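Remarks on the structure that follows.
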Amino acid sequence: MEKVIWGSILTVFLIILILLPIHWIYMRQLRRKDDQIYLLKESLTDLKAKLRDTERRRAFRINLLDQVCIFEFIDFGDKLLEPLMQRKGEGKIKNIGRTGIKLSCEFDLPVRKQVFLQLYFVLDDEEFTFKGKIIRKEELMNEIIYGIDFIEADPKEEQRLLQVIQRMEIERRKKTE
(Lines give C-alpha, C1' and ligand atoms only; values in the text may rest on other atoms or scores of the structure.)
Protein backbone atom coordinates (compact mmCIF):
# COMPACT_ATOMS: atom_id res chain seq x y z
CA MET A 1 0.00 0.00 0.00
CA GLU A 2 2.86 2.31 0.90
CA LYS A 3 4.48 1.58 -2.48
CA VAL A 4 1.26 2.57 -4.26
CA ILE A 5 1.09 5.89 -2.39
CA TRP A 6 4.77 6.65 -3.08
CA GLY A 7 4.29 5.56 -6.68
CA SER A 8 1.29 7.88 -7.04
CA ILE A 9 3.19 10.78 -5.47
CA LEU A 10 6.16 10.14 -7.73
CA THR A 11 3.87 9.96 -10.79
CA VAL A 12 2.17 13.24 -9.89
CA PHE A 13 5.57 14.84 -9.27
CA LEU A 14 6.85 13.65 -12.67
CA ILE A 15 3.71 14.88 -14.43
CA ILE A 16 4.13 18.30 -12.78
CA LEU A 17 7.82 18.25 -13.69
CA ILE A 18 6.92 17.56 -17.33
CA LEU A 19 3.97 20.01 -17.53
CA LEU A 20 5.77 22.94 -15.90
CA PRO A 21 8.31 23.50 -18.74
CA ILE A 22 5.58 22.96 -21.32
CA HIS A 23 3.46 25.61 -19.60
CA TRP A 24 6.45 27.97 -19.34
CA ILE A 25 7.21 27.56 -23.09
CA TYR A 26 3.55 28.11 -23.97
CA MET A 27 3.34 31.28 -21.85
CA ARG A 28 6.54 32.62 -23.44
CA GLN A 29 5.09 32.05 -26.91
CA LEU A 30 1.88 33.80 -25.87
CA ARG A 31 3.88 36.81 -24.65
CA ARG A 32 5.76 36.94 -27.96
CA LYS A 33 2.48 36.80 -29.87
CA ASP A 34 1.02 39.56 -27.67
CA ASP A 35 4.12 41.69 -28.36
CA GLN A 36 3.74 41.07 -32.10
CA ILE A 37 0.04 41.98 -31.96
CA TYR A 38 0.87 45.19 -30.08
CA LEU A 39 3.53 46.15 -32.63
CA LEU A 40 1.16 45.40 -35.53
CA LYS A 41 -1.59 47.52 -33.95
CA GLU A 42 0.89 50.35 -33.41
CA SER A 43 2.08 50.05 -36.99
CA LEU A 44 -1.51 50.03 -38.26
CA THR A 45 -2.28 53.18 -36.26
CA ASP A 46 0.79 54.90 -37.75
CA LEU A 47 -0.18 53.84 -41.27
CA LYS A 48 -3.73 55.11 -40.78
CA ALA A 49 -2.39 58.47 -39.60
CA LYS A 50 -0.07 58.70 -42.61
CA LEU A 51 -2.93 57.81 -44.94
CA ARG A 52 -5.13 60.52 -43.38
CA ASP A 53 -2.32 63.07 -43.80
CA THR A 54 -1.80 62.03 -47.42
CA GLU A 55 -5.53 62.24 -48.12
CA ARG A 56 -5.66 65.68 -46.52
CA ARG A 57 -2.82 66.92 -48.72
CA ARG A 58 -4.45 65.49 -51.83
CA ALA A 59 -7.91 66.81 -51.00
CA PHE A 60 -9.40 69.00 -53.70
CA ARG A 61 -9.39 72.68 -52.73
CA ILE A 62 -11.01 75.70 -54.28
CA ASN A 63 -9.73 79.27 -54.03
CA LEU A 64 -12.33 81.79 -52.96
CA LEU A 65 -12.41 85.53 -53.29
CA ASP A 66 -12.57 86.44 -49.62
CA GLN A 67 -15.77 84.57 -48.74
CA VAL A 68 -16.92 85.57 -45.23
CA CYS A 69 -16.56 83.06 -42.39
CA ILE A 70 -17.73 83.67 -38.83
CA PHE A 71 -15.81 81.81 -36.15
CA GLU A 72 -16.12 81.34 -32.43
CA PHE A 73 -13.35 80.29 -30.06
CA ILE A 74 -14.47 77.11 -28.28
CA ASP A 75 -11.35 75.70 -26.60
CA PHE A 76 -7.68 76.40 -25.99
CA GLY A 77 -4.57 74.52 -24.99
CA ASP A 78 -3.42 77.60 -23.04
CA LYS A 79 -5.24 79.05 -20.03
CA LEU A 80 -3.97 82.54 -20.91
CA LEU A 81 -6.19 82.48 -24.00
CA GLU A 82 -9.35 81.51 -22.11
CA PRO A 83 -10.66 85.12 -21.94
CA LEU A 84 -11.27 84.69 -25.70
CA MET A 85 -13.61 81.74 -25.01
CA GLN A 86 -16.98 82.15 -26.78
CA ARG A 87 -15.70 85.31 -28.49
CA LYS A 88 -16.70 85.58 -32.13
CA GLY A 89 -14.77 86.96 -35.03
CA GLU A 90 -14.95 87.30 -38.77
CA GLY A 91 -12.46 86.10 -41.30
CA LYS A 92 -12.12 85.66 -45.03
CA ILE A 93 -11.88 82.22 -46.60
CA LYS A 94 -8.88 82.09 -48.95
CA ASN A 95 -9.41 78.46 -49.97
CA ILE A 96 -11.36 75.48 -48.75
CA GLY A 97 -11.45 71.71 -49.14
CA ARG A 98 -13.46 68.97 -47.50
CA THR A 99 -10.79 68.55 -44.78
CA GLY A 100 -9.94 72.13 -43.94
CA ILE A 101 -9.90 75.80 -44.65
CA LYS A 102 -7.39 78.61 -45.15
CA LEU A 103 -8.69 81.67 -43.35
CA SER A 104 -7.39 85.22 -42.90
CA CYS A 105 -8.39 87.26 -39.87
CA GLU A 106 -7.21 90.06 -37.58
CA PHE A 107 -6.47 87.85 -34.57
CA ASP A 108 -2.82 87.08 -33.92
CA LEU A 109 -2.98 83.67 -32.25
CA PRO A 110 -0.18 81.36 -31.13
CA VAL A 111 -0.19 78.27 -33.31
CA ARG A 112 1.88 76.17 -30.91
CA LYS A 113 -0.94 76.35 -28.38
CA GLN A 114 -4.01 74.39 -29.37
CA VAL A 115 -6.76 76.70 -30.59
CA PHE A 116 -10.15 75.23 -31.48
CA LEU A 117 -12.84 77.10 -33.38
CA GLN A 118 -16.43 76.67 -34.46
CA LEU A 119 -16.64 77.85 -38.08
CA TYR A 120 -19.82 79.12 -39.77
CA PHE A 121 -19.92 79.92 -43.48
CA VAL A 122 -22.16 79.87 -46.53
CA LEU A 123 -21.06 78.49 -49.89
CA ASP A 124 -23.30 78.55 -52.93
CA ASP A 125 -26.33 79.36 -50.71
CA GLU A 126 -25.66 76.36 -48.42
CA GLU A 127 -24.81 76.84 -44.75
CA PHE A 128 -22.01 74.90 -43.10
CA THR A 129 -20.76 74.52 -39.54
CA PHE A 130 -17.50 72.77 -38.71
CA LYS A 131 -15.23 72.48 -35.72
CA GLY A 132 -11.63 73.25 -36.55
CA LYS A 133 -8.15 73.26 -35.09
CA ILE A 134 -5.53 75.79 -36.14
CA ILE A 135 -2.49 73.92 -37.46
CA ARG A 136 -0.57 76.55 -39.43
CA LYS A 137 -0.02 80.29 -39.47
CA GLU A 138 1.29 82.58 -42.22
CA GLU A 139 2.11 86.17 -41.38
CA LEU A 140 1.99 88.44 -44.42
CA MET A 141 2.50 92.20 -44.64
CA ASN A 142 -1.10 93.14 -43.96
CA GLU A 143 -2.85 89.96 -42.86
CA ILE A 144 -2.52 86.77 -40.88
CA ILE A 145 -3.62 83.54 -42.54
CA TYR A 146 -4.38 80.32 -40.67
CA GLY A 147 -4.56 76.76 -41.89
CA ILE A 148 -7.40 75.05 -40.06
CA ASP A 149 -8.17 71.33 -40.12
CA PHE A 150 -11.75 70.26 -39.63
CA ILE A 151 -12.07 67.96 -36.62
CA GLU A 152 -14.88 65.66 -35.50
CA ALA A 153 -16.53 66.32 -38.85
CA ASP A 154 -19.56 64.32 -39.89
CA PRO A 155 -18.60 62.42 -43.06
CA LYS A 156 -21.95 63.35 -44.61
CA GLU A 157 -21.23 67.04 -44.04
CA GLU A 158 -17.73 66.64 -45.48
CA GLN A 159 -19.26 64.98 -48.54
CA ARG A 160 -21.88 67.72 -48.89
CA LEU A 161 -19.14 70.36 -48.67
CA LEU A 162 -17.09 68.54 -51.30
CA GLN A 163 -20.09 68.41 -53.65
CA VAL A 164 -20.70 72.15 -53.24
CA ILE A 165 -17.01 72.91 -53.83
CA GLN A 166 -16.93 70.75 -56.94
CA ARG A 167 -20.14 72.34 -58.23
CA MET A 168 -18.64 75.83 -57.67
CA GLU A 169 -15.48 74.84 -59.53
CA ILE A 170 -17.49 73.46 -62.48
CA GLU A 171 -19.49 76.71 -62.65
CA ARG A 172 -16.27 78.74 -62.47
CA ARG A 173 -14.71 76.77 -65.32
CA LYS A 174 -17.83 77.17 -67.46
CA LYS A 175 -17.61 80.96 -67.04
CA THR A 176 -13.98 81.05 -68.14
CA GLU A 177 -14.54 78.96 -71.28
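Chain labels run A, B, ... following the order of the C-alpha coordinates; each chain numbers its residues from 1, and ligands are numbered from 1 in the order shown.
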Kindly assemble as CSV a list of the segment 44-94 of chain A residues that lie within 10 Å of segment 105-122 of chain A, each paired with its nearest atom pair and their distance in Å to one decimal, using only C-alpha atoms, sorted first by chain and then by ascending residue number.
```
residue,atom,partner,partner_atom,distance
A:Gln67,CA,A:Phe121,CA,8.2
A:Val68,CA,A:Phe121,CA,6.6
A:Cys69,CA,A:Phe121,CA,4.7
A:Ile70,CA,A:Tyr120,CA,5.1
A:Phe71,CA,A:Leu119,CA,4.5
A:Glu72,CA,A:Gln118,CA,5.1
A:Phe73,CA,A:Leu117,CA,4.6
A:Ile74,CA,A:Leu117,CA,5.4
A:Asp75,CA,A:Phe116,CA,5.0
A:Phe76,CA,A:Val115,CA,4.7
A:Gly77,CA,A:Gln114,CA,4.4
A:Asp78,CA,A:Lys113,CA,6.0
A:Lys79,CA,A:Lys113,CA,9.8
A:Leu81,CA,A:Val115,CA,8.8
A:Met85,CA,A:Leu117,CA,9.6
A:Gln86,CA,A:Leu117,CA,9.3
A:Arg87,CA,A:Leu117,CA,10.0
A:Lys88,CA,A:Gln118,CA,9.2
A:Gly89,CA,A:Cys105,CA,8.0
A:Glu90,CA,A:Cys105,CA,6.6
A:Gly91,CA,A:Cys105,CA,4.5
A:Lys92,CA,A:Cys105,CA,6.6
A:Ile93,CA,A:Phe121,CA,8.9
```
Exercise for the section: Excluding Phe150 of chain A and residues on its chain fewer than 4 positions from it, collect all residues at most 9 Å away from it, counting only C-alpha atoms, and give them as a PyMOL selection string. Expected result: chain A and resi 98-101+130-133
Nearby residues (only C-alpha atoms) at most 9 Å from Gly97 of chain A, same-chain spacing under 4 positions excluded, as a short mmCIF file (atom, residue, chain, number, x, y, z; two decimals) with all heavy atoms, in the first residue's frame:
```cif
data_model
loop_
_atom_site.label_atom_id
_atom_site.label_comp_id
_atom_site.auth_asym_id
_atom_site.auth_seq_id
_atom_site.Cartn_x
_atom_site.Cartn_y
_atom_site.Cartn_z
N ARG A 56 -5.44 64.26 -46.77
CA ARG A 56 -5.66 65.68 -46.52
C ARG A 56 -4.89 66.53 -47.52
O ARG A 56 -5.38 67.52 -48.02
CB ARG A 56 -5.23 66.05 -45.10
CG ARG A 56 -6.23 65.65 -44.06
CD ARG A 56 -5.84 66.22 -42.70
NE ARG A 56 -6.72 65.76 -41.68
CZ ARG A 56 -7.89 66.30 -41.39
NH1 ARG A 56 -8.32 67.31 -42.08
NH2 ARG A 56 -8.64 65.82 -40.43
N ALA A 59 -6.51 66.41 -50.92
CA ALA A 59 -7.91 66.81 -51.00
C ALA A 59 -8.07 68.01 -51.94
O ALA A 59 -7.29 68.95 -51.92
CB ALA A 59 -8.41 67.18 -49.60
N PHE A 60 -9.09 67.93 -52.75
CA PHE A 60 -9.40 69.00 -53.70
C PHE A 60 -9.73 70.27 -52.94
O PHE A 60 -10.47 70.26 -51.97
CB PHE A 60 -10.58 68.57 -54.58
CG PHE A 60 -11.04 69.65 -55.51
CD1 PHE A 60 -10.29 69.98 -56.62
CD2 PHE A 60 -12.21 70.34 -55.26
CE1 PHE A 60 -10.71 70.97 -57.49
CE2 PHE A 60 -12.64 71.33 -56.12
CZ PHE A 60 -11.88 71.65 -57.23
N ARG A 61 -9.15 71.38 -53.36
CA ARG A 61 -9.39 72.68 -52.73
C ARG A 61 -9.81 73.68 -53.80
O ARG A 61 -9.42 73.56 -54.95
CB ARG A 61 -8.14 73.18 -52.02
CG ARG A 61 -7.67 72.24 -50.92
CD ARG A 61 -6.49 72.81 -50.18
NE ARG A 61 -6.83 73.74 -49.12
CZ ARG A 61 -7.40 73.42 -47.97
NH1 ARG A 61 -7.71 72.17 -47.73
NH2 ARG A 61 -7.66 74.32 -47.06
N ILE A 62 -10.59 74.65 -53.37
CA ILE A 62 -11.01 75.70 -54.28
C ILE A 62 -10.62 77.05 -53.66
O ILE A 62 -10.79 77.26 -52.46
CB ILE A 62 -12.53 75.62 -54.56
CG1 ILE A 62 -12.93 76.64 -55.62
CG2 ILE A 62 -13.34 75.80 -53.31
CD1 ILE A 62 -14.38 76.49 -56.10
N ILE A 101 -9.66 74.47 -44.11
CA ILE A 101 -9.90 75.80 -44.65
C ILE A 101 -8.66 76.67 -44.42
O ILE A 101 -7.94 76.48 -43.45
CB ILE A 101 -11.15 76.39 -43.94
CG1 ILE A 101 -11.66 77.65 -44.60
CG2 ILE A 101 -10.88 76.64 -42.49
CD1 ILE A 101 -13.02 78.07 -44.05
N LYS A 102 -8.43 77.60 -45.32
CA LYS A 102 -7.39 78.61 -45.15
C LYS A 102 -8.12 79.92 -44.93
O LYS A 102 -8.90 80.35 -45.78
CB LYS A 102 -6.50 78.68 -46.39
CG LYS A 102 -5.25 79.50 -46.20
CD LYS A 102 -4.46 79.52 -47.50
CE LYS A 102 -3.01 79.25 -47.23
NZ LYS A 102 -2.24 79.35 -48.49
N GLU A 158 -18.93 66.52 -44.65
CA GLU A 158 -17.73 66.64 -45.48
C GLU A 158 -18.07 66.37 -46.94
O GLU A 158 -17.62 67.08 -47.84
CB GLU A 158 -16.65 65.66 -45.03
CG GLU A 158 -15.85 66.11 -43.85
CD GLU A 158 -14.71 65.15 -43.53
OE1 GLU A 158 -14.62 64.06 -44.14
OE2 GLU A 158 -13.89 65.50 -42.67
N LEU A 161 -20.06 69.24 -48.39
CA LEU A 161 -19.14 70.36 -48.67
C LEU A 161 -18.36 70.09 -49.95
O LEU A 161 -18.24 70.98 -50.80
CB LEU A 161 -18.19 70.57 -47.49
CG LEU A 161 -17.11 71.62 -47.68
CD1 LEU A 161 -17.71 73.00 -47.93
CD2 LEU A 161 -16.17 71.65 -46.49
N LEU A 162 -17.85 68.89 -50.10
CA LEU A 162 -17.09 68.54 -51.30
C LEU A 162 -17.95 68.71 -52.55
O LEU A 162 -17.49 69.24 -53.56
CB LEU A 162 -16.55 67.11 -51.21
CG LEU A 162 -15.73 66.63 -52.40
CD1 LEU A 162 -14.50 67.50 -52.62
CD2 LEU A 162 -15.34 65.18 -52.23
N ILE A 165 -18.28 72.40 -53.31
CA ILE A 165 -17.01 72.91 -53.83
C ILE A 165 -16.82 72.49 -55.28
O ILE A 165 -16.42 73.30 -56.13
CB ILE A 165 -15.83 72.43 -52.95
CG1 ILE A 165 -15.89 73.09 -51.58
CG2 ILE A 165 -14.50 72.71 -53.62
CD1 ILE A 165 -14.93 72.50 -50.57
#
```
Exercise for the section: Step one, run DSSP on the backbone; step two, keep only residues of segment 103-177 of chain A assigned to alpha helix (DSSP H); then write them as a list in words. Expected result: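 The alpha helix (DSSP H) subset of segment 103-177 of chain A is Pro155, Lys156, Glu157, Glu158, Gln159, Arg160, Leu161, Leu162, Gln163, Val164, Ile165, Gln166, Arg167, Met168, Glu169, Ile170, Glu171, Arg172, Arg173, Lys174, Lys175 and Thr176 of chain A.
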Exercise for the section: Extract, using only C-alpha atoms, all DNA, RNA and protein residues at most 9 Å from Ile145 of chain A, discarding same-chain residues fewer than 6 positions from it, and format them as JSON, numbers by chain. Expected result: {"A": [94, 102, 103, 104, 105, 106, 136, 137, 138, 139]}
